[in-house]
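Colleague: One structure coming up, written as structure tokens, with questions to follow.
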Amino acid sequence: MQTLPTPPSGSVQIEDDRTGLSIETLKRAFLDNLFYIQGKFPALASKNDYYMALAYTVRDRLLRRWLNTAETYTNTQARTVCYLSAEFLMGPHLGNNLINLGIYDQINQAMTELGLDLNELLQQEEEPGLGNGGLGRLAACYLDSLATLEIPALGYGIRYEFGIFDQEIRDGWQVEITDKWLRYGNPWEIARPDWAVEVKYGGHTESFIDEHGNYRVRWVPFKVVKGLPYDTPILGYKVNTANTLRLWSAEATESFDFGAFNSGDYFGAVHQKSNSENISKVLYPNDEQYQGKVLRLEQQMFFVSCSLQDMIRILQMQNMSLEKFPEKFSVQLNDTHPAIAVAELMRLLMDEHGMQWDNAWNITTRTFGYTNHTLLPEALERWPLKLFSELLPRHIEIIYEINRRFLDDVRIKFPDDPGRLSRLSLIDESGEKYVRMANLACVGSSAINGVAALHSELVKQTVLKDFYDMYPEKFTNVTNGVTPRRFVVLSNPRMTSLITSKIGDNWIKHLDELRRIEQFADDPGFRYEFRQIKQAIKQDLANHIKSETDVEVDPSSLFDIQVKRIHEYKRQHLNALHIIHLYNRIKANPSAEITPRTFLFGGKAAPGYYMAKLIIKFINSIGEVVNRDPDVAGRLKVVFLKDYNVKFAQRVYPAADLSEQISTAGKEASGTGNMKFSMNGALTIGTLDGANVEIREEVGAENFFLFGLTTEEVAAKKAAGYRPIDYYESNNDLRQVIDRIASGFFSHGDTGLFRPLVDNLLHKDEYLLLADYQSYIDCQEQVSQAYRNWDHWTRMSILNTARMGKFSSDRSIRDYCQNIWKVQPVPIELKDYTQS
Ligand code: OAK
């Protein structure tokens with residue numbers, strides 16, 4: 001074991017300007033950072049300089065907590081959660097840190113006194129968009145809750161140089177722009193070059209017998225890449241705990257390969273360097289769409305190996321034996337992207353640390369938990385065996401051995417069942433051979449969970465059924481949650497103040513306490529204030545829309561919002577069909593009584609997903625016609641807001657009246673946007689899918705607009721040979737809607753543009769839009785009627801907010817801690833270094 005020098009005693013002197021919270025100190029510290037870090041004086045400073053100076057001022061105030069936390073965890077050898085995720089969609093840090101530090105108001109005042117506008121500075125932050133959507137944002141919410149609950153935790157992922165692309169809309173189409181989020185520097189991270197590690201790829205393996213007579217394997221790689229950790233503090237809400245998000249950046253092992261350089265191969269030397277650095281270059285922008293690219297597998301192996309090596313370093317630094325690995329760490333696999341960790345931990349324990357198979361396997365399986373985030377077959381990761389073996393020759397050997405032993409166990413439990421064996425095998429041998437990552441995750445983990453009650457049941461009945469038969473005890477549910485700090489307190493300060501004025505602020509950490517505002521749902525004064533706040537926020541959003549798109553929307557109209565990734569299963573085009581239905585009604589009868597609505601959409605499409613991109617064009621084309629038709633004026637508006645991201649999400653959720661959660665039943669694993677909307681008082685129109693089911697249970701069926709087929713009905717309809725054309729033929733209204741699209745009405749007479757969409761709906765309709773159409777339209781009519789009764793609508797809205805306690809990510813994290821991770825809080829005492 002590595003012996004480390006005893007650290008020098010004594011403590012750091014931290015100046016008051018780095019910790020002090022008085023307005024005067026904050027102002028002085030801010031100007032100091034502007035001068036000494038940004039190298040600017042006020043007359044020359046840009047908005048970004050001011051943002052950076054403020055960010056450093058806030059970071060200084062985090063550091064003592066961060067270092068105290070690390071010190072406490074080290075001294076107590078605390079059991080730690082390691083959350084392995086290829087994505088962390090953090091969103092802007094500044095506002096969140098102000099909330100969690102409890103200094104939002106002080107900083108606001110300090111900035112005002114300096115003649116600056118805090119809101120403008122908050123808008124200046126370039127958000128780290130290191131994720132695609134739900135899975136990455138969930139990881140970010142979980143880090144917030146882990147810190148708030150004082151649970152020792154590390155988030156491990158990749159420091160992509162380019163995160164999710166920025167979306168522009170040109171002529172109604174999505175255009176992707178690279179996300180250069182690091183271009184002005186990142187004040188929140190600290191590089192830790194001392195803790196860099198190496199990751200191997202390619203080459204071959206050699207076996208040998210060691211000095212104890214044991215069979216051992218040595219891996220001779222083709223290339224080695226260096227992983228450099230960058231740490232970001234994750235502060236909990238009003239606690240001293242500041243955990244760490246550790247993201248790995250890839251570098252060449254030598255910044256120049258001098259061998260190649262001296263032999264005259266200058267190009268080869270530079271090429272090798274840039275090749276290595278490519279590994280952490282860019283986030284793959286596909287959401288729930290598997291792409292078998294070798295660089296993606298390199299990325300997965302990269303962050304997994306770096307992270308596991310880092311855990312071993314931490315264990316050794318704390319003088320703990322490797323045997324203690326599963327007691328020291330509980331490692332959660334966020335979907336199958338990090339599933340290679342099962343084979344990599346085996347390799348590290350056996351090849352690098354001399355452990356025998358049985359012992360290594362016992363440690364490995366006690367360490368991991370696996371969360372499944374989707375049932376979509378196209379998201380299932382399976383690597384072509386050839387590609388996998390070439391890149392990871394040692395891992396494939398280990399996987400074969402895991403498989404051999406596992407299939408022996410299967411044979412004992414299920415004799416004479418070759419079909420089952422081939423379905424459970426880690427290797428798919430039905431045609432071209434593949435390595436099945438979900439199977440590896442299931443065999444190598446002691447717990448497997450879905451992300452909502454319905455989803456966890458479906459996991460057991462469908463994708464992982466054979467594993468459920470084999471290991472029923474491993475399966476459990478943890479319903480997703482979202483952090484109320486970012487998505488209520490920071491996003492909706494006005495509603496936060498109103499609630500706090502009635503019930504105090506305990507609810508921010510104990511969201512169940514929101515129930516206490518139920519008693520005010522019938523109080524006319526409270527209703528009035530609640531509604532006024534919603535109106536004011538809608539006005540703000542309307543101003544924003546006007547400045548972004550030049551479209552005027554009426555803030556007293558019903559704000560009907562669907563923001564999420566664009567995907568056929570999420571059915572943004574069903575929403576669009578409803579808009580056309582309303583439009584047709586007005587055209588047929590210009591004096592028809594229609595509740596005025598503003599339809600807002602936002603979301604990115606995977607760059608290679610043709611149908612999703614066509615749906616964006618479709619929505620924009622409808623908007624173009626509807627927004628300028630004088631017959632419709634004042635009643636319908638359609639806006640697609642570009643570049644939906646966390647920063648924008650925070651503006652949108654509080655402004656919604658109606659939240660569209662309309663996926664085909666059985667397709668949306670959970671959804672988390674549904675929770676954010678409802679917490680902010682929006683009513684949901686939704687199917688019985690994902691967490692909608694539980695949201696409806698909590699808020700009450702009478703406060704939720706339900707429509708559509710159930711999962712069982714969807715399955716039955718498909719099994720019976722679903723024919724969408726029958727719906728088209730038998731429903732006049734639907735036929736008129738589809739015919740309008742097909743006629744070229746929304747495409748300047750071009751009947752070809754939306755043909756693929758129409759043909760798909762009429763002849764395939766995998767996601768059953770036509771089967772759910774009438775139910776959706778009828779339900780939307782109920783929404784329109786309900787919105788006419790302002791008072792009752794506000795009551796329902798208040799009850800939605802009041803009953804969302806279950807969906808705090810604090811509850812999810814408590815569930816994980818109790819049922820899966822078996823980890824306890826470790827409170828952090830704030831040491832005052834300045835006193836010693
Ligand atoms: C992305 C890539 C591969 C597999 C799953 C995803 C993903 O983002 N899934 C989403 O995860 C969210 C968090 O659990 C859920 O709320 C969404 O329903 C699910 O689609």
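Scheme for the structure tokens: letters A, B, ... for chains in order shown; per-chain residue numbers from 1; ligand numbers from 1 in order shown.
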All residues within 9 Å of ligand 1 are required, counting only C-alpha atoms and all ligand atoms; please report them as a PyMOL selection string.
Modeller: chain A and resi 131-139+286-290+334-337+371-376+379-381+450-452+455+479-481+667-674+690-691
Colleague: Region 615-714 of chain A near region 125-129 of chain A within 10 Å: what's each residue's closest atom pair and its distance in Å to one decimal, counting only C-alpha atoms, ordered by chain then ascending residue number, as a Markdown table?
Modeller:
```
| residue | atom | partner | partner_atom | distance |
| --- | --- | --- | --- | --- |
| A:Asn645 | CA | A:Gly129 | CA | 7.6 |
| A:Val646 | CA | A:Glu127 | CA | 7.8 |
| A:Lys647 | CA | A:Glu127 | CA | 7.3 |
```
Colleague: Using only C-alpha atoms, which protein or nucleic acid residues come within 12 Å of Glu401 (chain A)? Drop anything in the same chain fewer than 5 positions from it, and give the result as a PyMOL selection string.
Modeller: chain A and resi 343+346-347+357-358+361+394-396+406-408+425-427+440
Colleague: Could you save the residues just selected, with N, CA and C atoms, as an mmCIF file, in the first residue's frame?
Modeller:
```cif
data_model
loop_
_atom_site.group_PDB
_atom_site.id
_atom_site.type_symbol
_atom_site.label_atom_id
_atom_site.label_comp_id
_atom_site.auth_asym_id
_atom_site.auth_seq_id
_atom_site.Cartn_x
_atom_site.Cartn_y
_atom_site.Cartn_z
ATOM 1 N N ALA A 343 -16.808 -4.855 -15.654
ATOM 2 C CA ALA A 343 -15.605 -5.559 -16.131
ATOM 3 C C ALA A 343 -14.336 -4.813 -15.715
ATOM 4 N N MET A 346 -13.385 -5.493 -12.096
ATOM 5 C CA MET A 346 -12.793 -6.840 -12.045
ATOM 6 C C MET A 346 -11.331 -6.804 -12.517
ATOM 7 N N ARG A 347 -11.109 -6.114 -13.626
ATOM 8 C CA ARG A 347 -9.741 -6.043 -14.169
ATOM 9 C C ARG A 347 -8.792 -5.337 -13.193
ATOM 10 N N TRP A 357 -10.276 -14.311 -8.679
ATOM 11 C CA TRP A 357 -11.599 -14.075 -9.293
ATOM 12 C C TRP A 357 -12.737 -13.991 -8.269
ATOM 13 N N ASP A 358 -12.857 -15.008 -7.417
ATOM 14 C CA ASP A 358 -14.045 -15.076 -6.556
ATOM 15 C C ASP A 358 -14.141 -13.864 -5.638
ATOM 16 N N TRP A 361 -15.018 -10.801 -7.693
ATOM 17 C CA TRP A 361 -16.423 -10.826 -8.124
ATOM 18 C C TRP A 361 -17.357 -10.485 -6.968
ATOM 19 N N ARG A 394 -8.928 -7.011 -23.004
ATOM 20 C CA ARG A 394 -8.929 -7.649 -21.687
ATOM 21 C C ARG A 394 -10.364 -7.749 -21.148
ATOM 22 N N HIS A 395 -11.136 -6.722 -21.409
ATOM 23 C CA HIS A 395 -12.511 -6.714 -20.887
ATOM 24 C C HIS A 395 -13.361 -7.802 -21.526
ATOM 25 N N ILE A 396 -13.108 -8.079 -22.789
ATOM 26 C CA ILE A 396 -13.936 -9.101 -23.423
ATOM 27 C C ILE A 396 -13.629 -10.474 -22.800
ATOM 28 N N PHE A 406 -22.079 -17.186 -15.099
ATOM 29 C CA PHE A 406 -23.474 -16.771 -14.955
ATOM 30 C C PHE A 406 -24.408 -17.792 -15.624
ATOM 31 N N LEU A 407 -24.058 -18.198 -16.836
ATOM 32 C CA LEU A 407 -24.944 -19.131 -17.543
ATOM 33 C C LEU A 407 -24.996 -20.490 -16.837
ATOM 34 N N ASP A 408 -23.913 -20.841 -16.146
ATOM 35 C CA ASP A 408 -23.968 -22.071 -15.326
ATOM 36 C C ASP A 408 -25.026 -21.919 -14.230
ATOM 37 N N SER A 425 -27.751 -14.357 -22.050
ATOM 38 C CA SER A 425 -26.301 -14.304 -22.299
ATOM 39 C C SER A 425 -25.816 -12.864 -22.461
ATOM 40 N N LEU A 426 -24.621 -12.589 -21.960
ATOM 41 C CA LEU A 426 -24.049 -11.245 -22.122
ATOM 42 C C LEU A 426 -23.673 -10.997 -23.581
ATOM 43 N N ILE A 427 -23.632 -12.093 -24.349
ATOM 44 C CA ILE A 427 -23.307 -11.958 -25.773
ATOM 45 C C ILE A 427 -24.528 -12.334 -26.600
ATOM 46 N N LEU A 440 -24.843 -7.060 -18.791
ATOM 47 C CA LEU A 440 -23.643 -6.927 -17.958
ATOM 48 C C LEU A 440 -23.986 -6.159 -16.677
#
```
Colleague: Closest to Arg571 (chain A) among A:Met679, A:Leu308, A:Met611, A:Ile234, using only C-alpha atoms?
Modeller: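 Ranked by minimum distance to Arg571 (chain A), first place goes to A:Met611.
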Colleague: Tell me which of A:Gln318, A:Thr684, A:Gln782, A:Asn492 sits closest to Gln77 (chain A), counting only C-alpha atoms.
Modeller: A:Gln318
Colleague: Could you pull out the helix (DSSP H, G or I) residues of region 182-387 of chain A from DSSP and send them as a VMD selection string?
Modeller: chain A and resid 193 to 195 258 to 262 266 to 280 294 to 317 322 to 328 341 to 352 357 to 367 377 to 379 385 to 387
Colleague: Just the residues within 9 Å of region 765-776 of chain A, please, counting only C-alpha atoms, with nothing from its chain fewer than 3 positions along; format it as a PyMOL selection string.
Modeller: chain A and resi 568-571+573-575+577-578+662-665+667+685-686+706-709+714+718+722-725+727-728+731+733-734+759-762+779-781
Colleague: Find, counting only C-alpha atoms, the residue in A:Leu511, A:Val225, A:Leu688, A:Val463 that gets nearest to Thr710 (chain A).
Modeller: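 Going through A:Leu511, A:Val225, A:Leu688, A:Val463 one by one, the smallest distance to Thr710 (chain A) is for A:Leu688.
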Colleague: To one decimal in Å, tell me the separation between CA of Glu251 (chain A) and CA of Ser274 (chain A).
Modeller: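 If I compute the distance from CA of Glu251 (chain A) to CA of Ser274 (chain A), I get 8.2 Å.
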Colleague: Would you list the contacts of region 601-603 of chain A as a PyMOL selection string, taking every protein, DNA or RNA residue within 12 Å and counting only C-alpha atoms, but skipping same-chain residues closer than 3 positions in sequence?
Modeller: chain A and resi 132-134+164-169+174+287+545+559-567+570-573+575-576+598+606+612-613+615-620+623+637-646+648-649+652-653+656+659-660+673
Colleague: Contacts of Arg246 (chain A) at 12 Å or less, counting only C-alpha atoms, minus same-chain residues fewer than 5 places along, as an NGL selection string?
Modeller: :A and (82-88 or 143 or 153-159 or 188-192 or 195-196 or 227-234 or 303-304 or 306-307 or 310-311)
Colleague: Which residue gives the smallest distance to Gln124 (chain A) among A:Leu392, A:Ala655, A:Ile151, A:Leu94, with only C-alpha atoms counted?
Modeller: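 Comparing A:Leu392, A:Ala655, A:Ile151, A:Leu94 against Gln124 (chain A), the winner is A:Leu94.
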Colleague: CA of His204 (chain A) and CA of Val220 (chain A), how far apart in Å?
Modeller: 5.4 Å
Colleague: Neighbours of Tyr104 (chain A) within 12 Å (only C-alpha atoms; same-chain residues fewer than 3 positions away dropped), as number ranges by chain?
Modeller: A: 21, 23, 26, 54, 58, 94-101, 107-111, 118-119, 122, 489-490, 493
Colleague: Generate a file of the selected residues that holds N, CA and C atoms, formatted as a short mmCIF file (atom, residue, chain, number, x, y, z; two decimals), in the first residue's frame.
Modeller:
```
data_model
loop_
_atom_site.label_atom_id
_atom_site.label_comp_id
_atom_site.auth_asym_id
_atom_site.auth_seq_id
_atom_site.Cartn_x
_atom_site.Cartn_y
_atom_site.Cartn_z
N LEU A 21 -19.80 38.15 4.68
CA LEU A 21 -21.10 38.21 4.02
C LEU A 21 -21.80 39.57 4.15
N ILE A 23 -22.69 43.40 3.27
CA ILE A 23 -22.80 44.02 1.95
C ILE A 23 -21.48 44.70 1.58
N LEU A 26 -18.89 42.14 0.63
CA LEU A 26 -19.19 41.53 -0.67
C LEU A 26 -18.81 42.48 -1.81
N LEU A 54 -18.19 38.15 -9.93
CA LEU A 54 -19.21 37.72 -8.96
C LEU A 54 -19.09 36.22 -8.70
N VAL A 58 -18.47 34.38 -5.10
CA VAL A 58 -19.32 33.34 -4.52
C VAL A 58 -18.52 32.05 -4.30
N LEU A 94 -24.39 29.89 -10.76
CA LEU A 94 -24.36 31.06 -9.89
C LEU A 94 -25.62 31.21 -9.04
N GLY A 95 -26.77 31.25 -9.69
CA GLY A 95 -28.03 31.46 -8.96
C GLY A 95 -28.24 30.37 -7.92
N ASN A 96 -27.97 29.13 -8.33
CA ASN A 96 -28.18 28.01 -7.40
C ASN A 96 -27.28 28.12 -6.18
N ASN A 97 -26.03 28.51 -6.40
CA ASN A 97 -25.12 28.65 -5.25
C ASN A 97 -25.57 29.79 -4.34
N LEU A 98 -26.10 30.86 -4.92
CA LEU A 98 -26.60 31.97 -4.08
C LEU A 98 -27.74 31.48 -3.19
N ILE A 99 -28.64 30.68 -3.80
CA ILE A 99 -29.77 30.16 -3.02
C ILE A 99 -29.26 29.22 -1.93
N ASN A 100 -28.40 28.29 -2.32
CA ASN A 100 -27.97 27.29 -1.34
C ASN A 100 -27.09 27.88 -0.23
N LEU A 101 -26.32 28.91 -0.59
CA LEU A 101 -25.53 29.60 0.45
C LEU A 101 -26.40 30.50 1.31
N ILE A 107 -26.33 39.53 -2.01
CA ILE A 107 -25.61 39.77 -3.27
C ILE A 107 -26.43 40.69 -4.17
N ASN A 108 -27.72 40.48 -4.15
CA ASN A 108 -28.59 41.34 -4.95
C ASN A 108 -28.40 42.81 -4.54
N GLN A 109 -28.38 43.01 -3.24
CA GLN A 109 -28.22 44.38 -2.76
C GLN A 109 -26.83 44.94 -3.09
N ALA A 110 -25.82 44.10 -2.88
CA ALA A 110 -24.45 44.56 -3.16
C ALA A 110 -24.33 44.97 -4.63
N MET A 111 -24.91 44.17 -5.52
CA MET A 111 -24.83 44.50 -6.95
C MET A 111 -25.60 45.79 -7.25
N LEU A 118 -28.37 42.16 -10.86
CA LEU A 118 -28.03 40.75 -10.63
C LEU A 118 -28.66 39.84 -11.69
N ASN A 119 -29.90 40.13 -12.08
CA ASN A 119 -30.56 39.29 -13.09
C ASN A 119 -29.78 39.24 -14.39
N LEU A 122 -26.83 37.03 -13.90
CA LEU A 122 -27.23 35.62 -13.89
C LEU A 122 -27.43 35.11 -15.32
N VAL A 489 -37.58 27.58 -5.80
CA VAL A 489 -37.04 28.75 -5.10
C VAL A 489 -36.32 29.70 -6.06
N LEU A 490 -35.42 29.15 -6.87
CA LEU A 490 -34.66 30.00 -7.79
C LEU A 490 -35.52 30.45 -8.98
N PRO A 493 -39.27 32.99 -7.54
CA PRO A 493 -39.12 33.67 -6.25
C PRO A 493 -40.44 34.25 -5.73
#
```
Colleague: Please give the complete set of residues from region 354-470 of chain A that DSSP, run on the backbone, assigns to strand (DSSP E), formatted as a list of chain:residue names.
Modeller: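 DSSP on the backbone gives strand (DSSP E) at A:Phe368, A:Gly369, A:Tyr370, A:Thr371, A:Arg382, A:Trp383, A:Pro384, A:Ile427, A:Asp428, A:Tyr434, A:Val435, A:Arg436, A:Ser445, A:Ser446, A:Ala447, A:Ile448, A:Asn449, A:Gly450.
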Colleague: Just checking: using only C-alpha atoms, which residue out of A:Leu454, A:Leu387, A:Val758, A:Val282 ends up closest to Gln299 (chain A)?
Modeller: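 Of A:Leu454, A:Leu387, A:Val758, A:Val282, the one nearest Gln299 (chain A), counting only C-alpha atoms, is A:Val282.
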